[in-house]
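J.: So here's structure_14.tsv (TSV, C-alpha atoms and all ligand atoms).
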chain	number	residue	atom	x	y	z
A	1	MET	CA	0.00	0.00	0.00
A	2	GLY	CA	1.32	3.49	-0.82
A	3	GLY	CA	0.46	6.67	1.03
A	4	GLU	CA	2.51	9.23	2.83
A	5	TYR	CA	2.89	10.17	6.45
A	6	ILE	CA	0.73	13.16	7.42
A	7	GLY	CA	0.51	13.01	11.18
A	8	ARG	CA	-0.33	11.01	14.23
A	9	VAL	CA	-2.75	11.09	17.10
A	10	SER	CA	-2.83	9.15	20.34
A	11	VAL	CA	-5.76	8.55	22.66
A	12	ARG	CA	-5.01	7.62	26.26
A	13	ALA	CA	-7.50	5.36	27.99
A	14	ARG	CA	-6.62	6.53	31.48
A	15	LEU	CA	-4.97	9.58	32.98
A	16	ASN	CA	-2.65	9.83	35.93
A	17	GLU	CA	-2.52	13.09	37.91
A	18	HIS	CA	0.19	14.61	35.69
A	19	LEU	CA	-1.69	13.81	32.49
A	20	LEU	CA	-4.89	15.16	33.98
A	21	GLN	CA	-3.10	18.46	34.62
A	22	ILE	CA	-0.85	18.80	31.59
A	23	GLY	CA	-1.12	16.10	28.93
A	24	GLY	CA	-4.77	15.13	28.59
A	25	HIS	CA	-6.39	12.17	26.81
A	26	ILE	CA	-5.49	13.16	23.26
A	27	GLY	CA	-2.24	14.27	21.67
A	28	TYR	CA	-1.69	15.03	17.98
A	29	ASN	CA	0.96	16.17	15.62
A	30	ILE	CA	0.81	17.05	11.93
A	31	ARG	CA	3.93	16.88	9.79
A	32	PRO	CA	5.16	20.46	9.29
A	33	SER	CA	4.78	20.36	5.47
A	34	LYS	CA	1.14	19.25	5.84
A	35	ARG	CA	-0.02	21.86	8.34
A	36	GLY	CA	-2.70	24.44	7.59
A	37	LYS	CA	-4.69	22.10	5.34
A	38	GLY	CA	-7.36	20.99	7.81
A	39	TYR	CA	-5.70	17.70	8.77
A	40	GLY	CA	-5.29	18.68	12.42
A	41	ASN	CA	-8.97	19.42	12.75
A	42	LYS	CA	-9.91	16.13	11.07
A	43	LEU	CA	-7.48	14.19	13.25
A	44	LEU	CA	-9.11	15.44	16.45
A	45	GLU	CA	-12.56	14.69	15.03
A	46	LEU	CA	-11.47	11.08	14.39
A	47	ALA	CA	-9.75	10.80	17.78
A	48	LEU	CA	-12.99	11.82	19.52
A	49	LEU	CA	-14.83	9.00	17.72
A	50	LYS	CA	-12.14	6.62	18.95
A	51	ALA	CA	-12.42	8.00	22.50
A	52	LYS	CA	-16.16	7.37	22.40
A	53	GLU	CA	-15.54	3.78	21.32
A	54	MET	CA	-13.20	3.52	24.31
A	55	GLU	CA	-16.10	4.69	26.53
A	56	ILE	CA	-14.43	7.89	27.65
A	57	GLU	CA	-17.23	10.33	28.50
A	58	LYS	CA	-15.30	13.53	29.11
A	59	VAL	CA	-12.13	14.10	27.18
A	60	ARG	CA	-9.44	16.20	28.82
A	61	ILE	CA	-7.45	18.06	26.22
A	62	THR	CA	-4.81	20.70	26.74
A	63	CYS	CA	-2.69	23.03	24.68
A	64	ASP	CA	-0.18	25.80	25.19
A	65	VAL	CA	-1.66	29.29	25.43
A	66	ASP	CA	0.32	30.38	22.38
A	67	ASN	CA	-0.67	27.41	20.18
A	68	VAL	CA	-3.30	29.20	18.08
A	69	ALA	CA	-3.90	26.33	15.64
A	70	SER	CA	-4.44	23.80	18.41
A	71	ARG	CA	-6.80	26.13	20.29
A	72	LYS	CA	-8.88	26.57	17.16
A	73	ILE	CA	-9.02	22.82	16.57
A	74	ILE	CA	-10.10	22.12	20.15
A	75	GLU	CA	-12.73	24.85	20.17
A	76	LYS	CA	-14.09	23.75	16.79
A	77	ASN	CA	-14.50	20.27	18.24
A	78	ARG	CA	-16.67	21.55	21.12
A	79	GLY	CA	-13.88	22.06	23.63
A	80	VAL	CA	-15.00	24.04	26.67
A	81	LEU	CA	-12.26	25.96	28.45
A	82	ASP	CA	-11.92	24.86	32.04
A	83	SER	CA	-8.82	26.67	33.28
A	84	GLU	CA	-5.36	27.93	32.52
A	85	ILE	CA	-2.47	26.67	34.59
A	86	PRO	CA	1.23	27.50	34.61
A	87	ASN	CA	3.57	24.86	33.22
A	88	SER	CA	6.94	24.98	34.94
A	89	GLU	CA	8.36	22.53	32.35
A	90	THR	CA	8.02	25.08	29.53
A	91	GLY	CA	7.19	28.41	31.16
A	92	VAL	CA	4.19	28.68	28.81
A	93	GLY	CA	0.69	28.46	30.30
A	94	LYS	CA	-1.50	25.45	29.54
A	95	LEU	CA	-5.12	25.81	28.60
A	96	ARG	CA	-7.20	22.91	29.86
A	97	TYR	CA	-10.38	21.98	28.10
A	98	TRP	CA	-13.09	19.37	28.46
A	99	ILE	CA	-14.97	17.88	25.54
A	100	ASP	CA	-18.12	16.07	26.61
A	101	ILE	CA	-18.73	13.12	24.28
A	102	SER	CA	-21.17	11.19	26.50
A	201	LIG	C1	-1.49	22.08	16.09
A	201	LIG	C2	-1.45	21.30	14.76
A	201	LIG	C3	-1.81	19.84	15.02
A	201	LIG	C4	-2.45	21.95	13.80
A	201	LIG	O1	-2.56	21.13	12.65
A	201	LIG	P1	-3.03	21.71	11.23
A	201	LIG	O2	-3.26	20.55	10.33
A	201	LIG	O3	-2.10	22.76	10.80
A	201	LIG	O4	-4.43	22.37	11.64
A	201	LIG	P2	-5.62	22.77	10.66
A	201	LIG	O5	-5.10	22.91	9.27
A	201	LIG	O6	-6.75	21.83	10.91
A	201	LIG	O7	-5.97	24.23	11.19
A	201	LIG	C5	-6.79	24.48	12.30
A	201	LIG	C6	-7.03	25.98	12.42
A	201	LIG	O8	-5.83	26.63	12.85
A	201	LIG	C7	-5.45	27.63	11.91
A	201	LIG	N1	-4.00	27.59	11.84
A	201	LIG	C8	-3.22	26.60	11.33
A	201	LIG	N2	-1.92	26.92	11.51
A	201	LIG	C9	-1.91	28.12	12.14
A	201	LIG	C10	-0.85	28.95	12.61
A	201	LIG	N3	0.43	28.62	12.47
A	201	LIG	N4	-1.20	30.11	13.22
A	201	LIG	C11	-2.49	30.45	13.38
A	201	LIG	N5	-3.53	29.70	12.97
A	201	LIG	C12	-3.22	28.55	12.36
A	201	LIG	C13	-6.09	27.21	10.61
A	201	LIG	O9	-6.28	28.31	9.76
A	201	LIG	C14	-7.41	26.65	11.11
A	201	LIG	O10	-8.28	27.71	11.45
A	201	LIG	P3	-9.76	27.77	10.89
A	201	LIG	O11	-10.45	26.55	11.46
A	201	LIG	O12	-10.27	29.05	11.45
A	201	LIG	O13	-9.64	27.72	9.42
A	201	LIG	C15	-0.04	21.38	14.12
A	201	LIG	O14	0.33	22.74	13.99
A	201	LIG	C16	1.04	20.65	14.88
A	201	LIG	O15	1.24	19.45	14.70
A	201	LIG	N6	1.75	21.37	15.76
A	201	LIG	C17	2.83	20.80	16.56
A	201	LIG	C18	2.30	19.82	17.59
A	201	LIG	C19	1.21	20.40	18.45
A	201	LIG	O16	1.21	21.58	18.78
A	201	LIG	N7	0.26	19.55	18.80
A	201	LIG	C20	-0.87	19.92	19.62
A	201	LIG	C21	-0.51	19.81	21.05
A	201	LIG	S1	-1.89	20.36	22.04
So, in terms of structure tokens, how does the structure I just supplied come out?
T.:
Amino acid sequence: MGGEYIGRVSVRARLNEHLLQIGGHIGYNIRPSKRGKGYGNKLLELALLKAKEMEIEKVRITCDVDNVASRKIIEKNRGVLDSEIPNSETGVGKLRYWIDIS
């Protein structure tokens, strides 16, 4: 089968305390040359379907305050902002969202 690598997404079934604060259930990355074409948005849409299959009811998802593309993707996929917390690992604040998929 052919095809080329565009990006990846991971869905975590369970969160420990650190992931609840900083990482969240879903992480994604689009290859730099493929960004800005709608793939990131689609990837989160598909990941939420997967999370539902995995019987997660509320998806925790986070992004850096300055990550405009990721914020847009999360908000387009019904992300509701819960809080902003400092991240001592990077010095950049983390926005923490919930997406209710129950
Ligand atoms: C965040 C990321 C996944 C976005 O992927 P993408 O395929 O470029 O996103 P999309 O093409 O679906 O764009 C989503 C929105 O962000 C906007 N956007 C894309 N790149 C942008 C940029 N650099 N600056 C501002 N807005 C941007 C798009 O115009 C689109 O907005 P719209 O819905 O109003 O049209 C990608 O930039 C990436 O992999 N970044 C590095 C890893 C990362 O940050 N992962 C997320 C961790 S929370």
J.: Using all atoms listed in the file, which residue out of A:Tyr97, A:Gly7, A:Asn16, A:Cys63 lies closest to Lys37 (chain A)?
T.: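 Of A:Tyr97, A:Gly7, A:Asn16, A:Cys63, the one nearest Lys37 (chain A) is A:Gly7, counting all atoms listed in the file.
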J.: Under the rule of at most 6 Å, produce a per-residue listing of chain A near ligand LIG 201 (chain A): chain, number, name, the closest pair of atoms, and the distance in Å, as a Markdown table, using only C-alpha atoms and all ligand atoms.
T.:
| residue | atom | partner | partner_atom | distance |
| --- | --- | --- | --- | --- |
| A:Gly27 | CA | A:LIG201 | C21 | 5.8 |
| A:Tyr28 | CA | A:LIG201 | N7 | 5.0 |
| A:Asn29 | CA | A:LIG201 | O15 | 3.4 |
| A:Ile30 | CA | A:LIG201 | O15 | 3.7 |
| A:Arg35 | CA | A:LIG201 | O3 | 3.3 |
| A:Gly36 | CA | A:LIG201 | O5 | 3.3 |
| A:Lys37 | CA | A:LIG201 | O5 | 4.0 |
| A:Gly38 | CA | A:LIG201 | O6 | 3.3 |
| A:Tyr39 | CA | A:LIG201 | O2 | 4.1 |
| A:Gly40 | CA | A:LIG201 | O2 | 3.5 |
| A:Asn41 | CA | A:LIG201 | O6 | 3.8 |
| A:Thr62 | CA | A:LIG201 | S1 | 5.5 |
| A:Cys63 | CA | A:LIG201 | S1 | 3.8 |
| A:Val68 | CA | A:LIG201 | C11 | 4.9 |
| A:Ala69 | CA | A:LIG201 | O8 | 3.4 |
| A:Ser70 | CA | A:LIG201 | C1 | 4.1 |
| A:Lys72 | CA | A:LIG201 | C6 | 5.1 |
| A:Ile73 | CA | A:LIG201 | C5 | 5.1 |
J.: What separation in Å, quoted to one decimal, exists between CA of Ile6 (chain A) and CA of Ile26 (chain A)?
T.: 17.0 Å
J.: If we count only C-alpha atoms, what is near Ala51 (chain A) at a cut-off of 10 Å, once residues fewer than 3 positions away on the same chain are taken out, given as an MDAnalysis selection string?
T.: chainID A and resid 10:13 25:26 46:48 54:59 101
J.: Go ahead and compute the interatomic distance for CA of Ile22 (chain A) and CA of Lys50 (chain A), in Å to one decimal.
T.: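 Going from CA of Ile22 (chain A) over to CA of Lys50 (chain A) covers 20.9 Å.
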J.: Quick one: everything within 10 Å of region 84-95 of chain A, counting all atoms listed in the file, minus sequence neighbours fewer than 6 positions away in the same chain. Send it as a list in words.
T.: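 Counting only the stated atoms, we get Gln21, Ile22, Gly23, Ile61, Thr62, Cys63, Asp64, Val65, Asp66, Asn67 and Arg71 of chain A.
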J.: Using Å and a single decimal, report how far CA of Gly24 (chain A) sits from CA of Trp98 (chain A).
T.: 9.3 Å
J.: With distances taken over all atoms listed in the file, which of A:Lys34, A:Glu45, A:Ile74, A:Val80 is nearest to Tyr5 (chain A)?
T.: A:Lys34
J.: Using only C-alpha atoms, find the one residue out of A:Asp82, A:Asn77, A:Arg96, A:Arg31 that sits nearest to Leu49 (chain A).
T.: A:Asn77
J.: For a quick check of understanding, using all atoms listed in the file, which of A:Leu44, A:Ser102, A:Arg14, A:Glu53 has the smallest distance to Glu75 (chain A)?
T.: A:Leu44
J.: Extract chain A from the coordinates I pasted, and write it as an mmCIF file, in the first residue's frame (atoms kept: C-alpha atoms).
T.:
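Writing done, so here's selection.cif:
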data_model
loop_
_atom_site.group_PDB
_atom_site.id
_atom_site.type_symbol
_atom_site.label_atom_id
_atom_site.label_comp_id
_atom_site.auth_asym_id
_atom_site.auth_seq_id
_atom_site.Cartn_x
_atom_site.Cartn_y
_atom_site.Cartn_z
ATOM 1 C CA MET A 1 0.000 0.000 0.000
ATOM 2 C CA GLY A 2 1.323 3.492 -0.825
ATOM 3 C CA GLY A 3 0.460 6.673 1.029
ATOM 4 C CA GLU A 4 2.513 9.234 2.831
ATOM 5 C CA TYR A 5 2.886 10.172 6.451
ATOM 6 C CA ILE A 6 0.726 13.163 7.419
ATOM 7 C CA GLY A 7 0.509 13.008 11.179
ATOM 8 C CA ARG A 8 -0.328 11.006 14.233
ATOM 9 C CA VAL A 9 -2.752 11.088 17.097
ATOM 10 C CA SER A 10 -2.834 9.153 20.338
ATOM 11 C CA VAL A 11 -5.759 8.550 22.663
ATOM 12 C CA ARG A 12 -5.011 7.624 26.259
ATOM 13 C CA ALA A 13 -7.499 5.356 27.986
ATOM 14 C CA ARG A 14 -6.616 6.534 31.479
ATOM 15 C CA LEU A 15 -4.968 9.575 32.979
ATOM 16 C CA ASN A 16 -2.654 9.833 35.926
ATOM 17 C CA GLU A 17 -2.516 13.089 37.909
ATOM 18 C CA HIS A 18 0.188 14.611 35.694
ATOM 19 C CA LEU A 19 -1.688 13.811 32.488
ATOM 20 C CA LEU A 20 -4.892 15.162 33.982
ATOM 21 C CA GLN A 21 -3.100 18.461 34.619
ATOM 22 C CA ILE A 22 -0.847 18.798 31.593
ATOM 23 C CA GLY A 23 -1.124 16.098 28.928
ATOM 24 C CA GLY A 24 -4.769 15.126 28.591
ATOM 25 C CA HIS A 25 -6.389 12.173 26.809
ATOM 26 C CA ILE A 26 -5.494 13.158 23.256
ATOM 27 C CA GLY A 27 -2.243 14.274 21.670
ATOM 28 C CA TYR A 28 -1.691 15.035 17.985
ATOM 29 C CA ASN A 29 0.964 16.171 15.617
ATOM 30 C CA ILE A 30 0.810 17.051 11.931
ATOM 31 C CA ARG A 31 3.927 16.878 9.793
ATOM 32 C CA PRO A 32 5.162 20.463 9.290
ATOM 33 C CA SER A 33 4.781 20.364 5.474
ATOM 34 C CA LYS A 34 1.145 19.245 5.838
ATOM 35 C CA ARG A 35 -0.015 21.855 8.344
ATOM 36 C CA GLY A 36 -2.697 24.442 7.593
ATOM 37 C CA LYS A 37 -4.687 22.098 5.335
ATOM 38 C CA GLY A 38 -7.359 20.991 7.806
ATOM 39 C CA TYR A 39 -5.704 17.697 8.773
ATOM 40 C CA GLY A 40 -5.289 18.676 12.422
ATOM 41 C CA ASN A 41 -8.973 19.420 12.755
ATOM 42 C CA LYS A 42 -9.908 16.131 11.067
ATOM 43 C CA LEU A 43 -7.484 14.193 13.248
ATOM 44 C CA LEU A 44 -9.106 15.444 16.452
ATOM 45 C CA GLU A 45 -12.555 14.693 15.031
ATOM 46 C CA LEU A 46 -11.472 11.078 14.387
ATOM 47 C CA ALA A 47 -9.749 10.797 17.779
ATOM 48 C CA LEU A 48 -12.988 11.821 19.519
ATOM 49 C CA LEU A 49 -14.830 8.997 17.722
ATOM 50 C CA LYS A 50 -12.142 6.616 18.954
ATOM 51 C CA ALA A 51 -12.419 7.997 22.497
ATOM 52 C CA LYS A 52 -16.159 7.373 22.402
ATOM 53 C CA GLU A 53 -15.536 3.776 21.318
ATOM 54 C CA MET A 54 -13.202 3.522 24.314
ATOM 55 C CA GLU A 55 -16.099 4.694 26.530
ATOM 56 C CA ILE A 56 -14.425 7.893 27.653
ATOM 57 C CA GLU A 57 -17.227 10.325 28.501
ATOM 58 C CA LYS A 58 -15.304 13.528 29.110
ATOM 59 C CA VAL A 59 -12.134 14.104 27.175
ATOM 60 C CA ARG A 60 -9.444 16.204 28.824
ATOM 61 C CA ILE A 61 -7.453 18.058 26.224
ATOM 62 C CA THR A 62 -4.809 20.697 26.736
ATOM 63 C CA CYS A 63 -2.693 23.033 24.677
ATOM 64 C CA ASP A 64 -0.183 25.804 25.185
ATOM 65 C CA VAL A 65 -1.658 29.289 25.434
ATOM 66 C CA ASP A 66 0.317 30.383 22.380
ATOM 67 C CA ASN A 67 -0.672 27.412 20.184
ATOM 68 C CA VAL A 68 -3.296 29.198 18.082
ATOM 69 C CA ALA A 69 -3.895 26.332 15.642
ATOM 70 C CA SER A 70 -4.440 23.805 18.406
ATOM 71 C CA ARG A 71 -6.801 26.127 20.290
ATOM 72 C CA LYS A 72 -8.878 26.565 17.159
ATOM 73 C CA ILE A 73 -9.020 22.821 16.571
ATOM 74 C CA ILE A 74 -10.095 22.125 20.148
ATOM 75 C CA GLU A 75 -12.731 24.846 20.167
ATOM 76 C CA LYS A 76 -14.095 23.754 16.786
ATOM 77 C CA ASN A 77 -14.503 20.266 18.239
ATOM 78 C CA ARG A 78 -16.674 21.546 21.121
ATOM 79 C CA GLY A 79 -13.883 22.058 23.634
ATOM 80 C CA VAL A 80 -15.004 24.042 26.670
ATOM 81 C CA LEU A 81 -12.258 25.957 28.450
ATOM 82 C CA ASP A 82 -11.925 24.863 32.037
ATOM 83 C CA SER A 83 -8.820 26.673 33.279
ATOM 84 C CA GLU A 84 -5.363 27.930 32.520
ATOM 85 C CA ILE A 85 -2.470 26.670 34.587
ATOM 86 C CA PRO A 86 1.225 27.499 34.610
ATOM 87 C CA ASN A 87 3.570 24.862 33.219
ATOM 88 C CA SER A 88 6.935 24.978 34.938
ATOM 89 C CA GLU A 89 8.357 22.529 32.350
ATOM 90 C CA THR A 90 8.019 25.075 29.527
ATOM 91 C CA GLY A 91 7.193 28.408 31.158
ATOM 92 C CA VAL A 92 4.190 28.679 28.808
ATOM 93 C CA GLY A 93 0.692 28.463 30.296
ATOM 94 C CA LYS A 94 -1.498 25.450 29.543
ATOM 95 C CA LEU A 95 -5.125 25.808 28.598
ATOM 96 C CA ARG A 96 -7.198 22.906 29.862
ATOM 97 C CA TYR A 97 -10.381 21.978 28.098
ATOM 98 C CA TRP A 98 -13.091 19.373 28.458
ATOM 99 C CA ILE A 99 -14.974 17.884 25.536
ATOM 100 C CA ASP A 100 -18.123 16.072 26.608
ATOM 101 C CA ILE A 101 -18.725 13.116 24.284
ATOM 102 C CA SER A 102 -21.169 11.185 26.496
#
